[in-house]
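For reference, model.txt (compact mmCIF, C-alpha atoms):
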# COMPACT_ATOMS: atom_id res chain seq x y z
CA MET F 734 16.37 -4.10 22.36
CA PRO F 735 13.00 -2.36 22.80
CA LEU F 736 12.15 0.77 20.89
CA ASP F 737 12.49 4.13 22.63
CA GLU F 738 8.85 4.78 23.55
CA SER F 739 9.57 8.47 24.14
CA PHE F 740 9.33 8.81 20.32
CA THR F 741 5.53 8.48 20.64
CA GLY F 742 3.84 11.70 19.58
CA ARG F 743 6.74 12.93 17.48
CA VAL F 744 5.80 14.83 14.34
CA TYR F 745 7.96 15.00 11.23
CA PRO F 746 6.98 17.99 9.08
CA PRO F 747 7.54 17.91 5.31
CA GLN F 748 11.16 18.43 4.26
CA THR F 749 10.23 19.04 0.66
CA SER F 750 7.28 18.58 -1.68
CA TYR F 751 6.84 15.64 -4.05
CA GLU F 752 5.67 16.56 -7.53
CA VAL F 753 3.46 13.90 -9.07
CA SER F 754 4.26 13.32 -12.76
CA ARG F 755 2.42 11.55 -15.57
CA GLU F 756 5.49 9.42 -16.20
CA LYS F 757 5.81 8.21 -12.60
CA ILE F 758 2.09 7.41 -12.49
CA ARG F 759 2.39 5.37 -15.71
CA GLU F 760 5.48 3.59 -14.39
CA PHE F 761 3.67 2.72 -11.15
CA ALA F 762 0.51 1.60 -12.99
CA ASP F 763 2.66 -0.64 -15.21
CA ALA F 764 4.35 -2.11 -12.13
CA ILE F 765 1.01 -3.11 -10.59
CA GLY F 766 -0.35 -4.22 -13.98
CA ASP F 767 -3.23 -1.74 -13.95
CA GLN F 768 -4.55 -0.56 -17.34
CA ASN F 769 -7.12 1.95 -16.02
CA PRO F 770 -7.17 4.80 -18.61
CA LEU F 771 -7.55 7.42 -15.87
CA TYR F 772 -3.93 6.65 -14.89
CA ARG F 773 -2.66 6.93 -18.46
CA ASP F 774 -4.77 9.15 -20.69
CA PRO F 775 -5.09 12.86 -19.77
CA GLU F 776 -8.16 13.20 -22.02
CA ALA F 777 -9.92 10.32 -20.27
CA ALA F 778 -9.00 11.82 -16.90
CA ARG F 779 -10.34 15.24 -17.89
CA ALA F 780 -13.54 13.67 -19.18
CA ALA F 781 -13.96 12.10 -15.73
CA GLY F 782 -13.59 15.52 -14.12
CA TYR F 783 -9.91 15.48 -13.12
CA PRO F 784 -7.35 18.13 -14.10
CA ASP F 785 -4.88 15.47 -15.30
CA VAL F 786 -4.19 11.73 -14.99
CA ILE F 787 -4.77 10.47 -11.46
CA ALA F 788 -2.52 8.23 -9.40
CA PRO F 789 -3.52 4.68 -8.39
CA PRO F 790 -4.70 4.52 -4.76
CA THR F 791 -1.51 2.94 -3.42
CA PHE F 792 0.79 5.30 -5.38
CA LEU F 793 1.10 7.35 -2.18
CA THR F 794 3.23 4.54 -0.74
CA ILE F 795 6.16 6.09 -2.65
CA ILE F 796 6.35 9.16 -0.42
CA ASN F 797 4.98 7.34 2.61
CA LEU F 798 7.73 4.75 2.50
CA ALA F 799 10.45 7.36 2.04
CA SER F 800 9.26 9.07 5.20
CA ILE F 801 8.98 5.79 7.12
CA ASN F 802 12.49 4.79 6.10
CA SER F 803 13.91 8.09 7.24
CA ILE F 804 12.19 7.82 10.64
CA VAL F 805 13.05 4.19 11.36
CA SER F 806 16.71 4.70 10.42
CA ASP F 807 17.16 7.17 13.31
CA PRO F 808 19.62 5.25 15.52
CA GLU F 809 18.12 6.74 18.69
CA LEU F 810 14.80 5.00 17.96
CA GLY F 811 16.67 1.68 18.19
CA LEU F 812 14.87 -0.12 15.37
CA ASP F 813 16.53 -3.10 13.69
CA TYR F 814 15.47 -2.62 10.05
CA SER F 815 16.43 -6.18 9.10
CA ARG F 816 13.80 -7.49 11.56
CA MET F 817 11.06 -5.08 10.51
CA VAL F 818 7.96 -6.16 8.59
CA HIS F 819 4.92 -4.23 7.40
CA GLY F 820 2.02 -5.21 9.68
CA ASP F 821 -0.88 -3.31 8.22
CA GLN F 822 -1.75 -0.37 6.01
CA GLN F 823 -4.70 1.96 5.62
CA PHE F 824 -5.39 4.79 3.20
CA THR F 825 -8.23 7.28 3.69
CA TYR F 826 -8.80 9.59 0.72
CA SER F 827 -10.33 13.02 0.26
CA ARG F 828 -9.46 12.88 -3.45
CA PRO F 829 -7.00 11.07 -5.73
CA ALA F 830 -3.60 12.66 -6.28
CA HIS F 831 -3.11 13.76 -9.89
CA ALA F 832 -0.22 14.71 -12.14
CA GLY F 833 0.94 18.19 -11.24
CA ASP F 834 0.10 17.88 -7.54
CA LYS F 835 2.89 18.99 -5.22
CA LEU F 836 2.38 16.71 -2.24
CA LEU F 837 3.35 17.59 1.31
CA LEU F 838 3.55 14.84 3.87
CA THR F 839 3.61 15.19 7.66
CA THR F 840 4.31 11.98 9.56
CA HIS F 841 3.24 11.30 13.15
CA ILE F 842 4.35 8.50 15.47
CA ASP F 843 0.99 7.62 17.01
CA ARG F 844 2.02 4.69 19.17
CA ILE F 845 4.93 2.50 20.16
CA MET F 846 4.35 -0.65 22.15
CA ALA F 847 5.98 -3.96 23.02
CA ARG F 848 3.95 -7.14 23.10
CA ALA F 849 4.87 -10.81 23.21
CA GLY F 850 8.51 -10.07 22.49
CA ASN F 851 7.79 -7.96 19.40
CA ASP F 852 7.81 -4.18 19.02
CA PHE F 853 5.02 -2.34 17.23
CA ILE F 854 5.17 1.19 15.86
CA ASN F 855 2.13 2.96 14.42
CA LEU F 856 2.82 5.75 11.96
CA ARG F 857 0.31 8.15 10.42
CA ALA F 858 0.99 10.48 7.51
CA GLU F 859 -1.22 13.40 6.55
CA ILE F 860 -0.80 14.19 2.85
CA THR F 861 -1.93 17.54 1.45
CA ASP F 862 -1.54 19.46 -1.76
CA ALA F 863 0.54 22.64 -2.00
CA ASP F 864 -2.45 24.69 -0.75
CA GLY F 865 -2.72 22.54 2.36
CA ALA F 866 -5.93 20.80 1.25
CA HIS F 867 -6.16 17.22 2.49
CA ILE F 868 -5.59 14.48 -0.09
CA ALA F 869 -5.15 11.38 2.05
CA THR F 870 -4.22 9.99 5.43
CA THR F 871 -2.09 6.87 5.55
CA LYS F 872 -1.67 4.66 8.60
CA ALA F 873 0.90 1.90 8.87
CA GLN F 874 1.82 -0.49 11.62
CA LEU F 875 5.38 -1.78 11.50
CA VAL F 876 6.35 -4.86 13.45
CA VAL F 877 9.88 -5.47 14.65
CA ARG F 878 10.24 -9.15 15.40
CA GLY F 879 12.00 -9.88 18.67
CA GLU F 880 15.19 -11.95 18.73
CA ASP F 881 13.24 -15.01 19.90
CA ALA F 882 10.05 -14.43 17.90
CA MET A 319 -26.00 -2.54 -6.07
CA ASN A 320 -27.08 -4.97 -3.38
CA THR A 321 -25.47 -6.45 -0.31
CA GLY A 322 -23.90 -9.75 -1.27
CA ASP A 323 -23.17 -8.74 -4.88
CA GLU A 324 -19.94 -10.32 -6.10
CA LEU A 325 -17.33 -8.21 -7.86
CA PRO A 326 -15.61 -9.68 -10.93
CA ALA A 327 -12.78 -11.86 -9.60
CA LEU A 328 -9.16 -11.45 -10.64
CA GLU A 329 -6.24 -13.85 -10.93
CA VAL A 330 -2.79 -12.30 -11.14
CA ARG A 331 0.58 -13.94 -11.57
CA ILE A 332 3.37 -12.17 -9.72
CA THR A 333 6.79 -12.95 -11.14
CA ARG A 334 10.34 -12.07 -10.14
CA ASP A 335 10.72 -9.52 -12.91
CA GLN A 336 7.54 -7.83 -11.70
CA LEU A 337 9.02 -7.59 -8.20
CA VAL A 338 12.05 -5.80 -9.62
CA ARG A 339 9.83 -3.50 -11.66
CA TYR A 340 7.68 -2.73 -8.61
CA ALA A 341 10.74 -2.14 -6.43
CA GLY A 342 11.88 0.52 -8.89
CA ALA A 343 8.44 2.10 -9.32
CA ALA A 344 7.67 2.21 -5.59
CA LEU A 345 11.27 2.91 -4.55
CA ASP A 346 11.14 -0.06 -2.18
CA PHE A 347 14.47 -1.81 -2.44
CA ASN A 348 14.26 -4.11 0.58
CA PRO A 349 16.35 -7.13 -0.56
CA ILE A 350 13.79 -9.65 0.77
CA HIS A 351 11.88 -8.80 -2.44
CA TRP A 352 14.65 -9.62 -4.93
CA ASN A 353 17.61 -11.33 -3.25
CA GLU A 354 16.97 -15.03 -2.63
CA GLN A 355 20.05 -15.51 -0.48
CA PHE A 356 19.18 -12.55 1.73
CA ALA A 357 15.54 -13.66 2.06
CA LYS A 358 16.64 -17.12 3.23
CA GLU A 359 19.15 -15.65 5.67
CA VAL A 360 16.34 -13.79 7.46
CA GLY A 361 14.24 -16.95 7.68
CA LEU A 362 11.95 -16.65 4.66
CA PRO A 363 11.38 -19.64 2.35
CA ASP A 364 12.32 -17.55 -0.70
CA VAL A 365 11.91 -14.05 -2.15
CA ILE A 366 8.50 -12.63 -1.19
CA ALA A 367 6.29 -10.04 -2.89
CA HIS A 368 6.02 -6.55 -1.44
CA GLY A 369 2.93 -6.43 0.77
CA MET A 370 2.04 -3.16 -0.90
CA LEU A 371 2.20 -4.82 -4.34
CA THR A 372 -0.24 -7.49 -3.20
CA MET A 373 -2.46 -4.76 -1.77
CA ALA A 374 -2.26 -2.76 -5.01
CA VAL A 375 -3.20 -5.81 -7.10
CA ALA A 376 -6.08 -6.60 -4.72
CA GLY A 377 -7.33 -3.04 -5.01
CA ARG A 378 -7.75 -3.50 -8.75
CA VAL A 379 -10.79 -5.69 -8.11
CA VAL A 380 -12.43 -2.66 -6.52
CA THR A 381 -11.19 0.07 -8.87
CA ASP A 382 -11.82 -2.00 -12.04
CA TRP A 383 -15.38 -2.46 -10.82
CA LEU A 384 -15.79 1.23 -9.93
CA GLY A 385 -14.25 2.46 -13.17
CA ASP A 386 -13.34 5.73 -11.43
CA PRO A 387 -10.80 5.01 -8.65
CA GLY A 388 -11.70 8.43 -7.20
CA ARG A 389 -14.78 6.78 -5.69
CA LEU A 390 -12.53 4.89 -3.31
CA ILE A 391 -12.73 6.51 0.13
CA ASP A 392 -10.80 4.07 2.28
CA PHE A 393 -8.65 1.00 1.66
CA SER A 394 -7.01 -1.13 4.33
CA ALA A 395 -5.43 -4.54 4.93
CA ARG A 396 -3.21 -6.43 7.31
CA PHE A 397 -0.24 -8.36 5.91
CA THR A 398 -0.71 -11.76 7.48
CA ARG A 399 1.14 -14.21 5.23
CA PRO A 400 3.83 -13.69 2.60
CA VAL A 401 3.36 -14.33 -1.12
CA VAL A 402 6.40 -16.44 -1.95
CA VAL A 403 7.60 -15.85 -5.52
CA PRO A 404 9.69 -18.64 -7.07
CA ASN A 405 12.19 -17.97 -9.83
CA THR A 406 9.96 -19.45 -12.54
CA PRO A 407 8.08 -17.98 -15.52
CA GLU A 408 4.79 -18.78 -13.75
CA GLY A 409 5.70 -16.99 -10.50
CA ALA A 410 3.05 -16.89 -7.77
CA LEU A 411 -0.67 -16.99 -8.50
CA VAL A 412 -2.74 -14.56 -6.41
CA GLU A 413 -6.52 -14.92 -6.49
CA ILE A 414 -8.77 -12.03 -5.48
CA THR A 415 -12.51 -12.02 -4.95
CA GLY A 416 -14.72 -9.32 -3.48
CA LYS A 417 -18.30 -8.68 -2.51
CA VAL A 418 -20.51 -5.89 -1.32
CA ALA A 419 -20.61 -6.44 2.43
CA ALA A 420 -22.72 -3.45 3.51
CA ILE A 421 -24.49 -0.47 2.00
CA ASN A 422 -24.49 2.52 4.32
CA ASP A 423 -27.02 5.34 4.61
CA GLU A 424 -24.53 8.08 3.74
CA GLY A 425 -24.10 6.83 0.16
CA THR A 426 -21.17 4.52 0.74
CA ALA A 427 -20.63 0.78 0.55
CA ARG A 428 -18.13 -1.52 2.19
CA ILE A 429 -16.41 -4.07 -0.02
CA ASP A 430 -14.81 -7.11 1.62
CA LEU A 431 -12.03 -8.77 -0.34
CA VAL A 432 -10.51 -12.22 -0.09
CA VAL A 433 -6.91 -12.45 -1.32
CA LYS A 434 -5.42 -15.92 -1.61
CA PHE A 435 -2.08 -17.42 -2.54
CA ASP A 436 -1.48 -21.17 -2.48
CA GLY A 437 -5.01 -21.70 -1.20
CA LYS A 438 -4.54 -19.52 1.90
CA THR A 439 -5.46 -15.90 2.59
CA VAL A 440 -2.47 -13.55 2.59
CA LEU A 441 -4.20 -10.32 3.57
CA GLY A 442 -6.14 -9.93 6.80
CA LYS A 443 -9.46 -8.09 6.61
CA PRO A 444 -8.82 -6.38 3.25
CA GLN A 445 -11.60 -3.81 2.96
CA ALA A 446 -12.57 -0.87 0.82
CA LEU A 447 -15.09 1.87 1.46
CA VAL A 448 -16.50 3.31 -1.77
CA ARG A 449 -18.87 6.05 -2.82
CA VAL A 450 -21.88 4.51 -4.56

Using the file provided, produce a representation of the structure as structure tokens.
Amino acid sequence: MPLDESFTGRVYPPQTSYEVSREKIREFADAIGDQNPLYRDPEAARAAGYPDVIAPPTFLTIINLASINSIVSDPELGLDYSRMVHGDQQFTYSRPAHAGDKLLLTTHIDRIMARAGNDFINLRAEITDADGAHIATTKAQLVVRGEDA
Amino acid sequence: MNTGDELPALEVRITRDQLVRYAGAALDFNPIHWNEQFAKEVGLPDVIAHGMLTMAVAGRVVTDWLGDPGRLIDFSARFTRPVVVPNTPEGALVEITGKVAAINDEGTARIDLVVKFDGKTVLGKPQALVRV
């Protein structure tokens, strides 16, 4: 069943803010095997000019994915989660997120299209701090494989 | 820095226990990343790594080289082939290389990465834009 293309252009404003913590950053850095001291040592981060430890570049996937999952589980969109794969991902940064940031994420459905029996949905999230200053933009294309694909 | 400069390469073994750890850290509990039976039911050869984990590991070649990950301006990739992770202590070996592909006038450089598993690329056009 094709996706409901009338969802194109929909905007999902932040429901709540996500507070970045030192512990979650360390947990994420451990999970990707990254020993960079700027993720782990507040003194090293301050010496590099940051207010606290910074998050690895792909850390933002945590809140991005939560938003994606909430959008694609809307039954009216008609997306079969079990057939969905991550097609591509882009992050564009104004600055790294750091411990203490309260992140706000607004997600946009930029495009929905069907091609060669598969459905494609392009999502964009604008991530800001609590003052509304831009931290990063994430773009993801999700692919829903057709029944015959 | 010059166009064509190679970044220090990285070899990373991704194991099943790391997939579970990453699932918890990233809050990505899709069973194709930890449940062999489920993965096979949806047509995969076995459990596969999270695309975002592969991308995160690939990004280390750039951020290790930069020292300060805050110099990363843009990072993108397509997920073109899965990294299949067997239930063995060795797991899956992912090999990452990178080079300076272009130096731009506005004080930035483009880094092109090559990310391979089992001799084949698994990420399409993995690229980073960095402040130099």

May I have a table of the residues of range 376-441 of chain A lying at most 12 Å from range 785-804 of chain F, giving each one's closest pair of atoms and their distance in Å to one decimal, counting all atoms listed in the file, ordered by chain and ascending residue number, as a Markdown table?
| residue | atom | partner | partner_atom | distance |
| --- | --- | --- | --- | --- |
| A:Ala376 | CA | F:Thr791 | CA | 10.7 |
| A:Gly377 | CA | F:Pro790 | CA | 8.0 |
| A:Arg378 | CA | F:Pro789 | CA | 9.2 |
| A:Val380 | CA | F:Pro790 | CA | 10.7 |
| A:Thr381 | CA | F:Pro790 | CA | 8.9 |
| A:Asp382 | CA | F:Pro789 | CA | 11.3 |
| A:Gly385 | CA | F:Pro789 | CA | 12.0 |
| A:Asp386 | CA | F:Ile787 | CA | 9.8 |
| A:Pro387 | CA | F:Pro790 | CA | 7.3 |
| A:Gly388 | CA | F:Pro790 | CA | 8.4 |
| A:Arg389 | CA | F:Pro790 | CA | 10.4 |
| A:Leu390 | CA | F:Pro790 | CA | 8.0 |
| A:Ile391 | CA | F:Pro790 | CA | 9.6 |
| A:Asp392 | CA | F:Pro790 | CA | 9.3 |
| A:Phe393 | CA | F:Pro790 | CA | 8.3 |
| A:Ser394 | CA | F:Thr791 | CA | 10.3 |
| A:Ala395 | CA | F:Thr791 | CA | 11.9 |

Give one line per residue of chain F that approaches chain A to at most 10 Å, naming the two atoms of the closest pair and their distance in Å to one decimal, counting all atoms listed in the file; sort by chain then ascending residue number and deliver it as a Markdown table.
| residue | atom | partner | partner_atom | distance |
| --- | --- | --- | --- | --- |
| F:Lys757 | CA | A:Ala343 | CA | 7.4 |
| F:Ile758 | CA | A:Ala343 | CA | 8.9 |
| F:Arg759 | CA | A:Ala343 | CA | 9.4 |
| F:Glu760 | CA | A:Ala343 | CA | 6.1 |
| F:Phe761 | CA | A:Ala343 | CA | 5.1 |
| F:Ala762 | CA | A:Ala343 | CA | 8.8 |
| F:Asp763 | CA | A:Arg339 | CA | 8.5 |
| F:Ala764 | CA | A:Tyr340 | CA | 4.9 |
| F:Ile765 | CA | A:Val375 | CA | 6.1 |
| F:Gly766 | CA | A:Val375 | CA | 7.6 |
| F:Asp767 | CA | A:Arg378 | CA | 7.1 |
| F:Gln768 | CA | A:Asp382 | CA | 9.1 |
| F:Asn769 | CA | A:Asp382 | CA | 7.3 |
| F:Pro770 | CA | A:Gly385 | CA | 9.2 |
| F:Leu771 | CA | A:Asp386 | CA | 7.5 |
| F:Tyr772 | CA | A:Pro387 | CA | 9.4 |
| F:Ala778 | CA | A:Asp386 | CA | 9.3 |
| F:Ala781 | CA | A:Asp386 | CA | 7.7 |
| F:Tyr783 | CA | A:Gly388 | CA | 9.4 |
| F:Ile787 | CA | A:Gly388 | CA | 8.4 |
| F:Ala788 | CA | A:Pro387 | CA | 8.9 |
| F:Pro789 | CA | A:Pro387 | CA | 7.3 |
| F:Pro790 | CA | A:Pro387 | CA | 7.3 |
| F:Thr791 | CA | A:Ala374 | CA | 6.0 |
| F:Phe792 | CA | A:Ala344 | CA | 7.5 |
| F:Leu793 | CA | A:Ala344 | CA | 9.0 |
| F:Thr794 | CA | A:Ala344 | CA | 7.0 |
| F:Ile795 | CA | A:Ala344 | CA | 5.1 |
| F:Ile796 | CA | A:Ala344 | CA | 8.8 |
| F:Leu798 | CA | A:Asp346 | CA | 7.5 |
| F:Ala799 | CA | A:Leu345 | CA | 8.0 |
| F:Asn802 | CA | A:Asp346 | CA | 9.7 |
| F:Tyr814 | CA | A:Asn348 | CA | 9.7 |
| F:Ser815 | CA | A:Val360 | CA | 7.8 |
| F:Arg816 | CA | A:Val360 | CA | 7.9 |
| F:Val818 | CA | A:Phe397 | CA | 8.9 |
| F:His819 | CA | A:Phe397 | CA | 6.8 |
| F:Gly820 | CA | A:Phe397 | CA | 5.4 |
| F:Asp821 | CA | A:Arg396 | CA | 4.0 |
| F:Gln822 | CA | A:Ser394 | CA | 5.6 |
| F:Gln823 | CA | A:Ser394 | CA | 4.1 |
| F:Phe824 | CA | A:Phe393 | CA | 5.2 |
| F:Thr825 | CA | A:Asp392 | CA | 4.3 |
| F:Tyr826 | CA | A:Ile391 | CA | 5.0 |
| F:Ser827 | CA | A:Ile391 | CA | 6.9 |
| F:Arg828 | CA | A:Gly388 | CA | 6.2 |
| F:Pro829 | CA | A:Gly388 | CA | 5.6 |
| F:Ala830 | CA | A:Gly388 | CA | 9.2 |
| F:Ala869 | CA | A:Ile391 | CA | 9.2 |
| F:Thr870 | CA | A:Asp392 | CA | 9.4 |
| F:Thr871 | CA | A:Ser394 | CA | 9.5 |
| F:Lys872 | CA | A:Ser394 | CA | 9.0 |
| F:Ala873 | CA | A:Arg396 | CA | 9.4 |
| F:Gln874 | CA | A:Arg396 | CA | 8.9 |

Checklist entry - Out of F:Glu752, F:Asp864, F:Glu859, F:Glu776, which residue has the shortest atom-to-atom distance to His831 in chain F when counting only C-alpha atoms? => result F:Glu752

If the box runs along x, y and z of the file and leaves 4 Å on each side of range 804-809 of chain F, what are its centre and edge lengths in Å, one decimal, as AutoDock Vina command-line options?
--center_x 15.9 --center_y 6.0 --center_z 14.6 --size_x 15.4 --size_y 11.6 --size_z 16.3

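Every protein or nucleic acid residue with an atom no more than 6 Å from range 319-327 of chain A, counting only C-alpha atoms and leaving out same-chain residues fewer than 5 positions away, appears here: Ile414, Thr415, Gly416, Lys417, Val418, Ala419 and Ala420 of chain A.
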
Just want the 10 Å neighbourhood of Lys835 in chain F, counted on all atoms listed in the file, with same-chain residues fewer than 5 positions away dropped. Output as a PDB file with C-alpha atoms, in the coordinates of the input.
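The resulting selection36.pdb:
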ATOM      1  CA  THR F 749      10.230  19.040   0.660  1.00  0.00           C
ATOM      2  CA  SER F 750       7.280  18.580  -1.680  1.00  0.00           C
ATOM      3  CA  TYR F 751       6.840  15.640  -4.050  1.00  0.00           C
ATOM      4  CA  GLU F 752       5.670  16.560  -7.530  1.00  0.00           C
ATOM      5  CA  VAL F 753       3.460  13.900  -9.070  1.00  0.00           C
ATOM      6  CA  SER F 754       4.260  13.320 -12.760  1.00  0.00           C
ATOM      7  CA  ALA F 830      -3.600  12.660  -6.280  1.00  0.00           C
ATOM      8  CA  THR F 861      -1.930  17.540   1.450  1.00  0.00           C
ATOM      9  CA  ASP F 862      -1.540  19.460  -1.760  1.00  0.00           C
ATOM     10  CA  ALA F 863       0.540  22.640  -2.000  1.00  0.00           C
ATOM     11  CA  ASP F 864      -2.450  24.690  -0.750  1.00  0.00           C
TER      12      ASP F 864
END

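Counting from CA of Leu328 in chain A, the distance to CA of Val379 in chain A is 6.5 Å.
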
Could range 403-426 of chain A be written out with N, CA and C atoms, as a PDB file, in the first residue's frame, please?
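Okay, result.pdb is ready:
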ATOM      1  N   VAL A 403      26.617  -9.327  10.992  1.00  0.00           N
ATOM      2  CA  VAL A 403      27.413  -9.584  12.194  1.00  0.00           C
ATOM      3  C   VAL A 403      27.128 -10.997  12.705  1.00  0.00           C
ATOM      4  N   PRO A 404      28.083 -11.915  12.505  1.00  0.00           N
ATOM      5  CA  PRO A 404      27.875 -13.290  12.978  1.00  0.00           C
ATOM      6  C   PRO A 404      28.028 -13.378  14.495  1.00  0.00           C
ATOM      7  N   ASN A 405      27.487 -14.451  15.052  1.00  0.00           N
ATOM      8  CA  ASN A 405      27.558 -14.649  16.502  1.00  0.00           C
ATOM      9  C   ASN A 405      28.885 -15.321  16.865  1.00  0.00           C
ATOM     10  N   THR A 406      29.968 -14.576  16.640  1.00  0.00           N
ATOM     11  CA  THR A 406      31.310 -15.082  16.929  1.00  0.00           C
ATOM     12  C   THR A 406      32.076 -14.000  17.692  1.00  0.00           C
ATOM     13  N   PRO A 407      33.148 -14.387  18.402  1.00  0.00           N
ATOM     14  CA  PRO A 407      33.939 -13.374  19.115  1.00  0.00           C
ATOM     15  C   PRO A 407      34.554 -12.358  18.156  1.00  0.00           C
ATOM     16  N   GLU A 408      34.828 -12.760  16.909  1.00  0.00           N
ATOM     17  CA  GLU A 408      35.472 -11.856  15.955  1.00  0.00           C
ATOM     18  C   GLU A 408      34.487 -10.854  15.371  1.00  0.00           C
ATOM     19  N   GLY A 409      33.211 -11.230  15.251  1.00  0.00           N
ATOM     20  CA  GLY A 409      32.212 -10.339  14.681  1.00  0.00           C
ATOM     21  C   GLY A 409      32.498  -9.993  13.234  1.00  0.00           C
ATOM     22  N   ALA A 410      32.202  -8.750  12.871  1.00  0.00           N
ATOM     23  CA  ALA A 410      32.382  -8.282  11.485  1.00  0.00           C
ATOM     24  C   ALA A 410      33.483  -7.226  11.467  1.00  0.00           C
ATOM     25  N   LEU A 411      34.383  -7.370  10.517  1.00  0.00           N
ATOM     26  CA  LEU A 411      35.491  -6.408  10.396  1.00  0.00           C
ATOM     27  C   LEU A 411      35.104  -5.304   9.408  1.00  0.00           C
ATOM     28  N   VAL A 412      35.119  -4.067   9.892  1.00  0.00           N
ATOM     29  CA  VAL A 412      34.815  -2.912   9.041  1.00  0.00           C
ATOM     30  C   VAL A 412      36.099  -2.104   8.870  1.00  0.00           C
ATOM     31  N   GLU A 413      36.434  -1.814   7.614  1.00  0.00           N
ATOM     32  CA  GLU A 413      37.670  -1.093   7.300  1.00  0.00           C
ATOM     33  C   GLU A 413      37.332   0.280   6.735  1.00  0.00           C
ATOM     34  N   ILE A 414      37.933   1.308   7.322  1.00  0.00           N
ATOM     35  CA  ILE A 414      37.616   2.677   6.913  1.00  0.00           C
ATOM     36  C   ILE A 414      38.894   3.403   6.498  1.00  0.00           C
ATOM     37  N   THR A 415      38.855   4.002   5.323  1.00  0.00           N
ATOM     38  CA  THR A 415      39.935   4.886   4.892  1.00  0.00           C
ATOM     39  C   THR A 415      39.324   6.223   4.486  1.00  0.00           C
ATOM     40  N   GLY A 416      40.158   7.250   4.466  1.00  0.00           N
ATOM     41  CA  GLY A 416      39.646   8.564   4.079  1.00  0.00           C
ATOM     42  C   GLY A 416      40.758   9.400   3.481  1.00  0.00           C
ATOM     43  N   LYS A 417      40.357  10.338   2.640  1.00  0.00           N
ATOM     44  CA  LYS A 417      41.356  11.261   2.093  1.00  0.00           C
ATOM     45  C   LYS A 417      40.744  12.636   1.862  1.00  0.00           C
ATOM     46  N   VAL A 418      41.640  13.610   1.813  1.00  0.00           N
ATOM     47  CA  VAL A 418      41.207  14.976   1.534  1.00  0.00           C
ATOM     48  C   VAL A 418      40.888  15.055   0.045  1.00  0.00           C
ATOM     49  N   ALA A 419      39.600  15.284  -0.264  1.00  0.00           N
ATOM     50  CA  ALA A 419      39.174  15.258  -1.663  1.00  0.00           C
ATOM     51  C   ALA A 419      39.193  16.648  -2.284  1.00  0.00           C
ATOM     52  N   ALA A 420      38.972  17.673  -1.465  1.00  0.00           N
ATOM     53  CA  ALA A 420      38.949  19.044  -1.998  1.00  0.00           C
ATOM     54  C   ALA A 420      39.185  20.018  -0.866  1.00  0.00           C
ATOM     55  N   ILE A 421      39.903  21.086  -1.155  1.00  0.00           N
ATOM     56  CA  ILE A 421      40.065  22.176  -0.201  1.00  0.00           C
ATOM     57  C   ILE A 421      39.375  23.390  -0.802  1.00  0.00           C
ATOM     58  N   ASN A 422      38.423  23.939  -0.043  1.00  0.00           N
ATOM     59  CA  ASN A 422      37.588  25.011  -0.577  1.00  0.00           C
ATOM     60  C   ASN A 422      38.097  26.373  -0.116  1.00  0.00           C
ATOM     61  N   ASP A 423      37.715  27.410  -0.856  1.00  0.00           N
ATOM     62  CA  ASP A 423      38.195  28.764  -0.571  1.00  0.00           C
ATOM     63  C   ASP A 423      37.748  29.276   0.787  1.00  0.00           C
ATOM     64  N   GLU A 424      36.556  28.855   1.231  1.00  0.00           N
ATOM     65  CA  GLU A 424      35.998  29.424   2.463  1.00  0.00           C
ATOM     66  C   GLU A 424      36.540  28.761   3.734  1.00  0.00           C
ATOM     67  N   GLY A 425      37.712  28.103   3.625  1.00  0.00           N
ATOM     68  CA  GLY A 425      38.330  27.530   4.816  1.00  0.00           C
ATOM     69  C   GLY A 425      37.763  26.191   5.228  1.00  0.00           C
ATOM     70  N   THR A 426      37.240  25.451   4.257  1.00  0.00           N
ATOM     71  CA  THR A 426      36.717  24.122   4.546  1.00  0.00           C
ATOM     72  C   THR A 426      37.379  23.105   3.624  1.00  0.00           C
TER      73      THR A 426
END
